[in-house]
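Worksheet: the structure to be examined is printed underneath.
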Amino acid sequence: MSNSFETPESITTSPGQANSSMKQGKFNHQTATFEVEGFVHRVCRYGFEQWSAKPFSEMFASAPEGPDERADDGQERGDDEPIKLSGCTNFEFESLIEVMYPLQLTGPPTLSKEQWIGVLKLSRLWDMQEVATVAIERLSAMDLKPVEKIHLGKAHGVPAWLKEGYTILVDDLSKASLKEMTVLGWETAFRILWARDEISRLREATPNTGGYWVSAESLNCGYCYRNWGSRWNVPNAQTRCPNPSCNQLYTSNSHGVAIIDASTALRSTAPHLDDKPKIVADKVSEVFEEELKEAELRNTKATA
């Protein structure tokens, strides 16, 4: 079996000597060499200049050998003089590189949650708004836990996550374990509990102008209960008593209804069916106002 390689007809080869008559084509990518935690990476500069123009343009301009990464002899600078990056791990940096220079043509790569968190961290750190948007979209689709939304929302300025996380826990504390609540810190945990207590007090104290509310299951025929002590449910004024010996409407002859256990049947307020989501949302906005404003401000600056 031959291992020879046949060059396609559309590709020709020639000696590597430079030809002075050649013109520069559209693409002439320069590279940059970075060092992160002792690992050296040589990558194209265009991604950093395009997605984070100011920070990296300044960084390349202040590089020891100049912005084109070439030494005096015209050769590209070696890996022994990389630009050292701080504030990130090699895992985070490599995750960012995978997004900036994907190896497939189908859009952003498939990364783990931890990788996307690293991408979000660095894209916020280096003002890469387009990259941050992609990271937020991908992480939002990963069903983050409420505590994760709060933590990441605070750390990286994502107000939607922050509000969603607080809203879920204020509405239902069972969505987080004791260990997860400990991660949030005692002050945040206390404010979540305080907001829940305030909502409970508000709902109990809300007056009901319609008087008392009683469930239909608690209404019994007054005639049967008064005369025989028996319970026959009559849920409304149009339903006749199901007792064959009675078969009367409770409105007839002012028989009325019998409410056997008033302590459980009567409520001073009608049940709130669809006002709780708004009450929770309003309380979250009130209790965590400063944090939400800070996250919104940070997000606004990043998108400006």
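Ordered as shown in the structure tokens, chains take letters A, B, and onward, while each chain numbers its residues from 1 and ligands are numbered from 1 in the order shown.
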
Do a neighbour search on A:Leu193 at 12 Å with only C-alpha atoms, toss out local chain neighbours closer than 3 positions, and write the hits as a ChimeraX atom specification.
/A:166-167,169-174,181,186-190,196-200,283-284,287

DSSP on the backbone, then: every residue of stretch 134-293 of chain A marked strand (DSSP E), written as an MDAnalysis selection string.
chainID A and resid 213:214 220:221 257:258 266:267

Could you take the residues named above and write them with N, CA and C atoms, as a PDB file, in the first residue's frame?
ATOM      1  N   TRP A 213     -65.781  33.666  54.106  1.00  0.00           N
ATOM      2  CA  TRP A 213     -65.790  32.722  52.989  1.00  0.00           C
ATOM      3  C   TRP A 213     -65.906  31.328  53.560  1.00  0.00           C
ATOM      4  N   VAL A 214     -66.740  30.494  52.946  1.00  0.00           N
ATOM      5  CA  VAL A 214     -66.928  29.131  53.409  1.00  0.00           C
ATOM      6  C   VAL A 214     -66.987  28.215  52.200  1.00  0.00           C
ATOM      7  N   ASN A 220     -74.430  22.187  55.083  1.00  0.00           N
ATOM      8  CA  ASN A 220     -75.331  21.057  55.300  1.00  0.00           C
ATOM      9  C   ASN A 220     -76.774  21.565  55.468  1.00  0.00           C
ATOM     10  N   CYS A 221     -77.714  20.714  55.141  1.00  0.00           N
ATOM     11  CA  CYS A 221     -79.129  21.071  55.242  1.00  0.00           C
ATOM     12  C   CYS A 221     -79.481  21.422  56.694  1.00  0.00           C
ATOM     13  N   VAL A 257     -78.801  26.739  56.387  1.00  0.00           N
ATOM     14  CA  VAL A 257     -77.764  25.702  56.320  1.00  0.00           C
ATOM     15  C   VAL A 257     -77.124  25.551  57.696  1.00  0.00           C
ATOM     16  N   ALA A 258     -76.529  24.401  57.891  1.00  0.00           N
ATOM     17  CA  ALA A 258     -75.809  24.129  59.131  1.00  0.00           C
ATOM     18  C   ALA A 258     -74.325  24.018  58.819  1.00  0.00           C
ATOM     19  N   LEU A 266     -65.041  28.361  58.257  1.00  0.00           N
ATOM     20  CA  LEU A 266     -65.078  29.792  57.994  1.00  0.00           C
ATOM     21  C   LEU A 266     -63.676  30.381  57.929  1.00  0.00           C
ATOM     22  N   ARG A 267     -63.506  31.284  57.007  1.00  0.00           N
ATOM     23  CA  ARG A 267     -62.250  32.011  56.884  1.00  0.00           C
ATOM     24  C   ARG A 267     -62.561  33.488  56.796  1.00  0.00           C
TER      25      ARG A 267
END

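Between atom CA of A:Lys145 and atom CA of A:Pro159 lies a distance of 15.2 Å.
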
If you run DSSP on the backbone, which residues of stretch 93-123 of chain A are alpha helix (DSSP H), as a list in words?
Phe93, Glu94, Ser95, Leu96, Ile97, Glu98, Val99, Met100, Lys113, Glu114, Gln115, Trp116, Ile117, Gly118, Val119, Leu120, Lys121, Leu122 and Ser123 of chain A

Save out the residues we just selected, C-alpha atoms, as an mmCIF file, in the first residue's frame.
data_model
loop_
_atom_site.group_PDB
_atom_site.id
_atom_site.type_symbol
_atom_site.label_atom_id
_atom_site.label_comp_id
_atom_site.auth_asym_id
_atom_site.auth_seq_id
_atom_site.Cartn_x
_atom_site.Cartn_y
_atom_site.Cartn_z
ATOM 1 C CA PHE A 93 -9.074 30.161 29.324
ATOM 2 C CA GLU A 94 -9.207 26.999 27.227
ATOM 3 C CA SER A 95 -13.015 27.008 27.497
ATOM 4 C CA LEU A 96 -13.058 30.595 26.190
ATOM 5 C CA ILE A 97 -10.752 29.669 23.305
ATOM 6 C CA GLU A 98 -13.111 26.842 22.311
ATOM 7 C CA VAL A 99 -15.943 29.359 21.990
ATOM 8 C CA MET A 100 -13.917 32.030 20.200
ATOM 9 C CA LYS A 113 -21.865 23.869 32.678
ATOM 10 C CA GLU A 114 -18.537 24.472 34.410
ATOM 11 C CA GLN A 115 -16.928 25.429 31.097
ATOM 12 C CA TRP A 116 -19.684 27.895 30.218
ATOM 13 C CA ILE A 117 -19.384 29.457 33.674
ATOM 14 C CA GLY A 118 -15.671 29.957 32.981
ATOM 15 C CA VAL A 119 -16.498 31.517 29.612
ATOM 16 C CA LEU A 120 -18.992 33.881 31.270
ATOM 17 C CA LYS A 121 -16.467 34.866 33.932
ATOM 18 C CA LEU A 122 -13.731 35.764 31.436
ATOM 19 C CA SER A 123 -16.080 37.438 28.970
#

Give me the residues within 9 Å of stretch 288-298 of chain A as a PyMOL selection string, counting only C-alpha atoms and dropping any in the same chain fewer than 2 places off.
chain A and resi 153-160+162-163+166+191+283-286+300-303

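Atom CA of A:Ala237 to atom CA of A:Asp275 spans 29.1 Å [interatomic distance, one decimal].
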
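Take the candidates A:Glu58, A:Val131, A:Val147, A:Leu202 and check each one against A:Lys179 using only C-alpha atoms; the shortest distance goes to A:Val147.
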
For atom CA of A:Ala141 and atom CA of A:Ser112, the interatomic separation in Å (one decimal)
11.8 Å
